[in-house]
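Student: Sharing a structure with you now.
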Amino acid sequence: MRKSIYCFIILSLTIVTNGLAQQITCSAQDKVAFEDKIIEIDGLLEKDLGQTMVSVGKTFLGTPYVAKTLEIGETETLVVNLHGLDCTTFVENVLAFSLLLKEEKTDFDSFTKNLETIRYKDGKLDGYASRLHYFSEWIANNEKKGLLTDITAETGGKEITKDINFMSTHRDLYPFLKDEANFQKIKESENFLNNQALCFLPQEEIEANELMIQSGDIIALTTSIKGLDITHTGIASRENDGRIHLLHASSTGEVKVSELPLVDYLKKIGKNTGIMIARVN
């Protein structure tokens, strides 16, 4: 993994939270990468924002997969990293750039505002626990913001109840949870999720409902792992074979389109139970 020295940039007062300027963690290389990306995506806006998502997402093909890029420093900052992406930051960055195209904006401040809006509860960075760590909550909160719609139920999804507590029961895996205040806030988030039904489309029913999935839909992989809701996410892309494939930051190495259609790809993932589907508004 390429090492980079991170600089700190203070957000302008137009996008402060509770009167306090937020900090951005962004390397000089990533600032240049942002400027290059703005040029690269110029002209990719389509009437169908989903197709825009796919077009923007494919400009990231080959970008290395890097885990835990947001776990930097001792306090939560808005991390901008375009050189290494995990599955969630890939989706977040693609959505942030797609929204820039829709808004007809090209400036860095608008991009970071979009990223903050997408990544944090109610769009405001307010410490580690304000980040949307559980992806089912990420979907629900971004639906609340009006950015997307959870369409899992209308594609044949079924509701289940499941205890979501992986972070609090694996506290040692998350350095920020050494802080008791962060730990208690994460437990509060888990308690909120545990009072909500989880709707997912079972793996064995995806093929029959595949035609209802559109290019650009956000796909989240549900799991039978105890305490966890989602293990992976990506973007649906209908390829030349007419089938839905997964455009994603693969933990096997880089951003790619799955060789197999989504239905067959999922069968090779242990403990996968199905998917959630969210459509960008």
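So you can find residues: chains in the structure tokens are A, B, ... in the order shown, residues in each start at 1, and ligands are numbered from 1 in order.
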Near A:Thr59, within 8 Å and counting only C-alpha atoms, which residues show up once chain neighbours fewer than 2 positions away are dropped, as a VMD selection string?
Tutor: chain A and resid 40 to 41 55 to 57 61
Student: When DSSP works through the backbone of this structure, what residues of stretch 21-247 of chain A end up as strand (DSSP E or B), shown as a PyMOL selection string?
Tutor: chain A and resi 23-27+64-65+78-80+85+120+131+148-150+158-160+164+198-202+218-223+227+230-238+244-247
Student: Okay, now the selection with C-alpha atoms, as an mmCIF file, in the first residue's frame?
Tutor:
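That gives us out-v2.cif:
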data_model
loop_
_atom_site.group_PDB
_atom_site.id
_atom_site.type_symbol
_atom_site.label_atom_id
_atom_site.label_comp_id
_atom_site.auth_asym_id
_atom_site.auth_seq_id
_atom_site.Cartn_x
_atom_site.Cartn_y
_atom_site.Cartn_z
ATOM 1 C CA GLN A 23 -11.342 18.859 10.191
ATOM 2 C CA ILE A 24 -10.619 17.082 6.959
ATOM 3 C CA THR A 25 -7.835 14.556 6.583
ATOM 4 C CA CYS A 26 -6.613 14.680 3.000
ATOM 5 C CA SER A 27 -3.204 14.083 1.458
ATOM 6 C CA PRO A 64 -6.581 -0.668 -4.756
ATOM 7 C CA TYR A 65 -8.709 -2.087 -1.975
ATOM 8 C CA LEU A 78 -13.607 13.600 7.444
ATOM 9 C CA VAL A 79 -11.153 11.389 5.572
ATOM 10 C CA VAL A 80 -10.739 11.922 1.839
ATOM 11 C CA LEU A 85 -10.996 2.309 -1.060
ATOM 12 C CA TYR A 120 -22.560 10.684 9.028
ATOM 13 C CA ARG A 131 -20.315 7.830 11.516
ATOM 14 C CA LEU A 148 -31.994 7.224 -1.677
ATOM 15 C CA THR A 149 -34.890 4.837 -1.196
ATOM 16 C CA ASP A 150 -34.734 1.372 0.323
ATOM 17 C CA LYS A 158 -38.749 -10.224 3.848
ATOM 18 C CA GLU A 159 -38.544 -8.703 7.315
ATOM 19 C CA ILE A 160 -36.592 -10.362 10.100
ATOM 20 C CA ILE A 164 -27.053 -6.127 15.915
ATOM 21 C CA LEU A 198 -34.302 -5.761 8.929
ATOM 22 C CA CYS A 199 -35.693 -6.286 5.429
ATOM 23 C CA PHE A 200 -33.649 -8.383 3.019
ATOM 24 C CA LEU A 201 -34.145 -10.265 -0.237
ATOM 25 C CA PRO A 202 -33.160 -13.892 0.480
ATOM 26 C CA ILE A 218 -26.713 0.107 -4.099
ATOM 27 C CA ILE A 219 -26.435 -3.543 -3.100
ATOM 28 C CA ALA A 220 -25.672 -4.546 0.499
ATOM 29 C CA LEU A 221 -24.887 -8.176 1.356
ATOM 30 C CA THR A 222 -26.706 -9.497 4.420
ATOM 31 C CA THR A 223 -25.131 -12.165 6.591
ATOM 32 C CA GLY A 227 -24.364 -9.512 15.612
ATOM 33 C CA ILE A 230 -24.045 -6.338 6.337
ATOM 34 C CA THR A 231 -20.635 -7.674 5.305
ATOM 35 C CA HIS A 232 -20.100 -6.008 1.940
ATOM 36 C CA THR A 233 -21.577 -3.476 -0.440
ATOM 37 C CA GLY A 234 -21.296 -2.324 -4.041
ATOM 38 C CA ILE A 235 -23.228 -0.994 -7.014
ATOM 39 C CA ALA A 236 -25.438 -2.984 -9.367
ATOM 40 C CA SER A 237 -24.342 -2.906 -12.998
ATOM 41 C CA ARG A 238 -26.234 -4.579 -15.825
ATOM 42 C CA ILE A 244 -26.766 -7.720 -12.942
ATOM 43 C CA HIS A 245 -23.147 -7.829 -11.781
ATOM 44 C CA LEU A 246 -21.554 -6.160 -8.751
ATOM 45 C CA LEU A 247 -19.303 -3.115 -9.249
#
Student: Taking into account only C-alpha atoms, which residue in the set A:Val66, A:Met167, A:Met276, A:Ala140 is nearest to A:Glu188?
Tutor: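 Among A:Val66, A:Met167, A:Met276, A:Ala140, it is A:Met167 that comes nearest to A:Glu188.
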Student: Using only C-alpha atoms, pick whichever of A:Ile186, A:Ala33, A:Leu49, A:Leu260 has the shortest atom-to-atom distance to A:Leu100.
Tutor: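 Closest residue, counting only C-alpha atoms: A:Leu49.
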Student: Quick check, in Å to one decimal: how far apart do atom CA of A:Arg119 and atom CA of A:Asp36 lie?
Tutor: 22.5 Å
Student: Which of stretch 112-147 of chain A counts as helix (DSSP H, G or I) under DSSP, as a PyMOL selection string please?
Tutor: chain A and resi 112-119+121-123+128-130+135-144
Student: Let me make sure I understand: among A:Lys124, A:Lys256, A:Lys47, A:Lys31, which one has the smallest atom-to-atom distance to A:Asp109 if we use only C-alpha atoms?
Tutor: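 When distances to A:Asp109 are compared using only C-alpha atoms, the smallest one comes from A:Lys31.
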Student: For A:Val94, which residue out of A:Val263, A:Ala197, A:Val280, A:Ala208 is the nearest one, using only C-alpha atoms?
Tutor: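 Nearest candidate to A:Val94 out of A:Val263, A:Ala197, A:Val280, A:Ala208: A:Val280.
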Student: Would you list the contacts of A:Asn182 as a list in words, taking every protein, DNA or RNA residue within 8 Å and counting only C-alpha atoms, but skipping same-chain residues closer than 6 positions in sequence?
Tutor: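 Final neighbour list, sorted by chain and number: Tyr128, Ala129 and Phe176 of chain A.
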Student: Tell me which of A:Asn114, A:Glu204, A:Gln214, A:Lys58 sits closest to A:Gly156, counting only C-alpha atoms.
Tutor: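 Nearest to A:Gly156: A:Glu204.
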Student: With only C-alpha atoms as the atoms that count, which of A:Ile139, A:Leu228, A:Leu193, A:Leu262 lies nearest to A:Ala278?
Tutor: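 Using only C-alpha atoms, the shortest distance to A:Ala278 belongs to A:Ile139.
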Student: Using only C-alpha atoms, which protein or nucleic acid residues come within 12 Å of A:Lys187? Drop anything in the same chain fewer than 2 positions from it, and give the result as JSON, numbers by chain.
Tutor: {"A": [129, 133, 134, 163, 164, 165, 166, 167, 168, 169, 170, 171, 177, 180, 181, 182, 183, 184, 185, 189, 190, 191, 192, 193, 194]}
Student: Atom CA of A:Asp126 and atom CA of A:Asn195, how far apart in Å?
Tutor: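 Atom-to-atom, atom CA of A:Asn195 and atom CA of A:Asp126 are spaced 23.2 Å apart.
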Student: How far is it from atom CA of A:Gly73 to atom CA of A:Val91, in Å with one decimal?
Tutor: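 Between these atoms lies a distance of 23.0 Å.
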